[in-house]
file work.json (JSON, C-alpha atoms (C1' of nucleotides))
[["chain", "number", "residue", "atom", "x", "y", "z"],
["A", 1, "MET", "CA", 26.50, 158.75, 156.59],
["A", 2, "LYS", "CA", 28.08, 159.11, 153.18],
["A", 3, "TYR", "CA", 28.69, 156.82, 150.25],
["A", 4, "TRP", "CA", 31.82, 156.42, 148.18],
["A", 5, "LEU", "CA", 33.38, 154.43, 145.39],
["A", 6, "VAL", "CA", 37.05, 153.42, 145.26],
["A", 7, "LYS", "CA", 38.94, 151.80, 142.42],
["A", 8, "SER", "CA", 41.55, 149.13, 142.57],
["A", 9, "GLU", "CA", 43.26, 147.22, 139.83],
["A", 10, "PRO", "CA", 42.60, 143.58, 140.62],
["A", 11, "VAL", "CA", 46.10, 142.70, 139.40],
["A", 12, "LYS", "CA", 47.46, 144.81, 142.25],
["A", 13, "TYR", "CA", 44.82, 144.35, 144.93],
["A", 14, "SER", "CA", 41.60, 142.51, 144.22],
["A", 15, "TRP", "CA", 38.42, 142.13, 146.25],
["A", 16, "ASP", "CA", 39.54, 138.57, 147.05],
["A", 17, "ASP", "CA", 42.87, 139.84, 148.41],
["A", 18, "PHE", "CA", 40.87, 142.30, 150.49],
["A", 19, "LEU", "CA", 38.63, 139.50, 151.86],
["A", 20, "LYS", "CA", 41.67, 137.43, 152.76],
["A", 21, "ASP", "CA", 43.30, 140.32, 154.58],
["A", 22, "GLY", "CA", 40.15, 141.23, 156.48],
["A", 23, "TRP", "CA", 41.02, 144.93, 156.30],
["A", 24, "THR", "CA", 43.43, 147.23, 154.53],
["A", 25, "TYR", "CA", 44.59, 150.81, 154.48],
["A", 26, "TRP", "CA", 43.76, 152.50, 151.23],
["A", 27, "ASP", "CA", 47.15, 153.75, 150.07],
["A", 28, "GLY", "CA", 48.60, 155.02, 146.85],
["A", 29, "VAL", "CA", 46.30, 157.98, 146.31],
["A", 30, "ARG", "CA", 48.38, 160.72, 144.69],
["A", 31, "ASN", "CA", 45.71, 162.99, 143.39],
["A", 32, "TYR", "CA", 44.38, 165.98, 145.30],
["A", 33, "GLN", "CA", 40.74, 165.48, 144.48],
["A", 34, "ALA", "CA", 40.89, 161.83, 145.50],
["A", 35, "ARG", "CA", 42.84, 162.79, 148.63],
["A", 36, "ASN", "CA", 40.20, 165.33, 149.59],
["A", 37, "ASN", "CA", 37.55, 162.67, 149.22],
["A", 38, "LEU", "CA", 39.53, 160.34, 151.49],
["A", 39, "GLN", "CA", 39.70, 163.08, 154.10],
["A", 40, "SER", "CA", 35.95, 163.52, 153.97],
["A", 41, "MET", "CA", 35.28, 159.87, 154.81],
["A", 42, "LYS", "CA", 33.78, 159.14, 158.21],
["A", 43, "LYS", "CA", 33.84, 155.98, 160.23],
["A", 44, "GLY", "CA", 30.92, 153.79, 159.16],
["A", 45, "ASP", "CA", 30.61, 155.23, 155.64],
["A", 46, "ALA", "CA", 29.88, 152.68, 152.93],
["A", 47, "VAL", "CA", 32.29, 152.23, 150.03],
["A", 48, "LEU", "CA", 31.71, 150.50, 146.71],
["A", 49, "TYR", "CA", 34.76, 148.55, 145.60],
["A", 50, "TYR", "CA", 35.39, 148.76, 141.88],
["A", 51, "HIS", "CA", 37.82, 146.74, 139.78],
["A", 52, "SER", "CA", 39.44, 148.94, 137.14],
["A", 53, "ASN", "CA", 41.43, 147.91, 134.06],
["A", 54, "GLU", "CA", 40.42, 144.29, 134.47],
["A", 55, "GLY", "CA", 37.09, 143.02, 135.73],
["A", 56, "LEU", "CA", 35.49, 146.44, 135.28],
["A", 57, "GLU", "CA", 32.90, 145.76, 137.92],
["A", 58, "VAL", "CA", 31.77, 146.67, 141.40],
["A", 59, "ALA", "CA", 32.75, 143.56, 143.36],
["A", 60, "GLY", "CA", 31.70, 144.39, 146.87],
["A", 61, "VAL", "CA", 30.90, 146.88, 149.60],
["A", 62, "ALA", "CA", 33.44, 148.00, 152.18],
["A", 63, "GLU", "CA", 33.14, 150.04, 155.34],
["A", 64, "VAL", "CA", 35.34, 152.82, 156.69],
["A", 65, "ILE", "CA", 36.77, 151.68, 160.02],
["A", 66, "LYS", "CA", 39.35, 154.43, 160.52],
["A", 67, "GLU", "CA", 39.33, 157.97, 159.20],
["A", 68, "ALA", "CA", 42.15, 159.63, 157.26],
["A", 69, "TYR", "CA", 45.67, 159.59, 158.64],
["A", 70, "GLN", "CA", 49.16, 160.05, 157.21],
["A", 71, "ASP", "CA", 49.95, 157.57, 154.46],
["A", 72, "PRO", "CA", 52.38, 155.08, 156.06],
["A", 73, "THR", "CA", 53.94, 154.28, 152.67],
["A", 74, "THR", "CA", 55.36, 157.80, 152.21],
["A", 75, "ASP", "CA", 56.95, 160.60, 154.24],
["A", 76, "ASP", "CA", 55.18, 163.15, 152.12],
["A", 77, "GLU", "CA", 52.69, 164.81, 154.45],
["A", 78, "ARG", "CA", 50.30, 165.65, 151.67],
["A", 79, "TRP", "CA", 48.96, 162.12, 151.36],
["A", 80, "VAL", "CA", 46.60, 160.16, 153.59],
["A", 81, "VAL", "CA", 44.97, 156.74, 153.83],
["A", 82, "VAL", "CA", 41.82, 155.39, 155.45],
["A", 83, "ASP", "CA", 41.25, 151.91, 156.87],
["A", 84, "LEU", "CA", 38.59, 149.79, 155.20],
["A", 85, "ARG", "CA", 37.15, 146.39, 155.88],
["A", 86, "PRO", "CA", 35.01, 144.24, 153.58],
["A", 87, "LYS", "CA", 31.35, 144.40, 154.51],
["A", 88, "GLU", "CA", 29.55, 142.49, 151.80],
["A", 89, "SER", "CA", 30.55, 140.56, 148.67],
["A", 90, "LEU", "CA", 28.13, 141.17, 145.86],
["A", 91, "LYS", "CA", 26.54, 137.97, 144.62],
["A", 92, "TYR", "CA", 26.41, 139.42, 141.12],
["A", 93, "PRO", "CA", 29.25, 141.92, 140.60],
["A", 94, "VAL", "CA", 27.89, 144.95, 138.76],
["A", 95, "PRO", "CA", 29.77, 145.56, 135.50],
["A", 96, "LEU", "CA", 30.55, 148.99, 134.14],
["A", 97, "SER", "CA", 28.45, 148.20, 131.08],
["A", 98, "ALA", "CA", 25.37, 147.74, 133.30],
["A", 99, "ILE", "CA", 26.14, 150.95, 135.17],
["A", 100, "LYS", "CA", 26.32, 152.81, 131.86],
["A", 101, "LYS", "CA", 23.01, 151.38, 130.72],
["A", 102, "ASP", "CA", 21.13, 152.18, 133.91],
["A", 103, "LYS", "CA", 19.37, 155.55, 133.60],
["A", 104, "ARG", "CA", 19.47, 156.00, 137.35],
["A", 105, "LEU", "CA", 23.26, 155.96, 137.16],
["A", 106, "ASN", "CA", 23.69, 158.41, 134.28],
["A", 107, "ASP", "CA", 25.36, 161.01, 136.46],
["A", 108, "ILE", "CA", 27.59, 158.78, 138.53],
["A", 109, "ALA", "CA", 31.12, 160.14, 138.94],
["A", 110, "LEU", "CA", 32.53, 156.81, 137.80],
["A", 111, "ILE", "CA", 31.36, 157.62, 134.27],
["A", 112, "LYS", "CA", 31.69, 161.40, 134.38],
["A", 113, "GLN", "CA", 35.17, 161.43, 135.86],
["A", 114, "SER", "CA", 36.55, 158.14, 134.76],
["A", 115, "ARG", "CA", 40.10, 158.80, 135.95],
["A", 116, "LEU", "CA", 39.30, 159.68, 139.55],
["A", 117, "SER", "CA", 40.15, 156.83, 141.93],
["A", 118, "VAL", "CA", 38.17, 157.88, 145.02],
["A", 119, "MET", "CA", 34.82, 159.54, 144.49],
["A", 120, "PRO", "CA", 31.54, 160.25, 146.25],
["A", 121, "VAL", "CA", 28.34, 158.55, 145.09],
["A", 122, "THR", "CA", 24.82, 159.48, 146.12],
["A", 123, "LYS", "CA", 22.73, 157.34, 148.44],
["A", 124, "LYS", "CA", 20.51, 156.51, 145.48],
["A", 125, "GLU", "CA", 23.43, 155.47, 143.31],
["A", 126, "PHE", "CA", 24.82, 153.38, 146.13],
["A", 127, "GLN", "CA", 21.51, 151.64, 146.69],
["A", 128, "THR", "CA", 20.95, 151.07, 142.99],
["A", 129, "ILE", "CA", 24.31, 149.35, 142.57],
["A", 130, "SER", "CA", 24.27, 147.36, 145.79],
["A", 131, "SER", "CA", 20.75, 146.04, 145.24],
["A", 132, "THR", "CA", 21.59, 145.14, 141.64],
["A", 133, "GLY", "CA", 24.59, 143.26, 142.96],
["A", 134, "ARG", "CA", 22.40, 141.32, 145.36],
["A", 135, "GLY", "CA", 20.35, 140.09, 142.43],
["A", 136, "LYS", "CA", 17.41, 142.41, 142.88],
["B", 12, "DG", "C1'", 48.02, 148.64, 121.70],
["B", 13, "DC", "C1'", 45.55, 152.80, 121.05],
["B", 14, "DC", "C1'", 43.59, 156.91, 122.42],
["B", 15, "DA", "C1'", 40.70, 160.26, 125.15],
["B", 16, "DA", "C1'", 40.59, 162.68, 129.35],
["B", 17, "DC", "C1'", 42.87, 165.16, 132.46],
["B", 18, "DG", "C1'", 46.48, 166.37, 135.93],
["B", 19, "DT", "C1'", 51.19, 168.24, 136.31],
["B", 20, "DT", "C1'", 55.23, 170.62, 134.89],
["B", 21, "DG", "C1'", 57.95, 174.18, 133.10],
["B", 22, "DG", "C1'", 59.04, 177.99, 129.84],
["B", 23, "DC", "C1'", 57.78, 182.42, 128.94],
["C", 13, "DG", "C1'", 49.28, 183.48, 135.06],
["C", 14, "DC", "C1'", 48.95, 181.18, 130.54],
["C", 15, "DC", "C1'", 49.49, 177.32, 127.83],
["C", 16, "DA", "C1'", 52.10, 173.67, 125.37],
["C", 17, "DA", "C1'", 54.24, 169.42, 126.34],
["C", 18, "DC", "C1'", 54.24, 165.46, 128.73],
["C", 19, "DG", "C1'", 52.79, 161.59, 131.80],
["C", 20, "DT", "C1'", 49.22, 158.65, 133.74],
["C", 21, "DT", "C1'", 44.84, 156.41, 134.02],
["C", 22, "DG", "C1'", 41.50, 153.53, 132.30],
["C", 23, "DG", "C1'", 38.13, 151.96, 128.74],
["C", 24, "DC", "C1'", 37.90, 149.74, 124.45]]
call {"tool": "encode", "arguments": {"input": "work.json", "output": "structure tokens"}}
result
Amino acid sequence: MKYWLVKSEPVKYSWDDFLKDGWTYWDGVRNYQARNNLQSMKKGDAVLYYHSNEGLEVAGVAEVIKEAYQDPTTDDERWVVVDLRPKESLKYPVPLSAIKKDKRLNDIALIKQSRLSVMPVTKKEFQTISSTGRGK
DNA sequence: GCCAACGTTGGC
DNA sequence: GCCAACGTTGGC
């Protein structure tokens, strides 16, 4: 099982929208590195859900329910989506500022490659953020 | 609103 | 194949 982090601008699609929908396909990825990450996702993988531009926090944890398939919003065969469903809302969303301060998260891709929208995180990083978000 | 980082495009 | 110009993302 692998761990990931995806970004969404809350103005466009927030964690609350995601909760209301119950599931979504993760569309709009138009970057090869992010696309490759999407294709590496397996059913059951855990995904941190980060609010970029506004909020700047990890709001919840999602789960991969369907692996990569052709992006239904485009005919361009280069792009894919995965299906995600919300798994857990974090009681205390973890802000970027806290992630930056935490020594255990010094090497997280979120900071190192700030423009990437789909990225892998390590099990340790995942656990650090999700347990912080639970208030522990 | 600005700017740094970085991906993409196009001329050579 | 190199690199300058340009566009986009995202934090501040």
call {"tool": "interface_residues", "arguments": {"input": "work.json", "of": "chain C", "to": "chain A", "cutoff": "10 Å", "atoms": "all atoms listed in the file", "output": "list in words"}}
result
DT20, DT21, DG22 and DG23 of chain C
call {"tool": "write_last_selection", "arguments": {"input": "work.json", "atoms": "C-alpha atoms (C1' of nucleotides)", "output": "CSV table (one decimal), in the coordinates of the input"}}
result
chain,number,residue,atom,x,y,z
C,20,DT,C1',49.2,158.6,133.7
C,21,DT,C1',44.8,156.4,134.0
C,22,DG,C1',41.5,153.5,132.3
C,23,DG,C1',38.1,152.0,128.7
call {"tool": "atom_distance", "arguments": {"input": "work.json", "atom1": "atom CA of Arg85 of chain A", "atom2": "atom CA of Pro120 of chain A"}}
result
17.8 Å
call {"tool": "residues_near_point", "arguments": {"input": "work.json", "point": "(30.6, 158.2, 135.6)", "cutoff": "12 Å", "atoms": "all atoms listed in the file", "output": "list in words"}}
result
Leu5, Leu96, Ser97, Ala98, Ile99, Lys100, Lys101, Asp102, Lys103, Arg104, Leu105, Asn106, Asp107, Ile108, Ala109, Leu110, Ile111, Lys112, Gln113, Ser114, Arg115, Leu116, Ser117, Met119, Pro120, Val121 and Glu125 of chain A; DG23 of chain C
call {"tool": "residues_around", "arguments": {"input": "work.json", "residues": "segment 35-50 of chain A", "least_positions_apart": "6", "cutoff": "9 Å", "atoms": "only C-alpha atoms (C1' of nucleotides)", "output": "PyMOL selection string"}}
result
chain A and resi 1-10+15+26+29+56-69+78-82+84+87+94+118-121+126+129-130
call {"tool": "atom_distance", "arguments": {"input": "work.json", "atom1": "atom CA of Pro72 of chain A", "atom2": "atom CA of Asn31 of chain A"}}
result
16.4 Å
call {"tool": "atom_distance", "arguments": {"input": "work.json", "atom1": "atom CA of Lys123 of chain A", "atom2": "atom C1' of DA15 of chain B"}}
result
29.6 Å
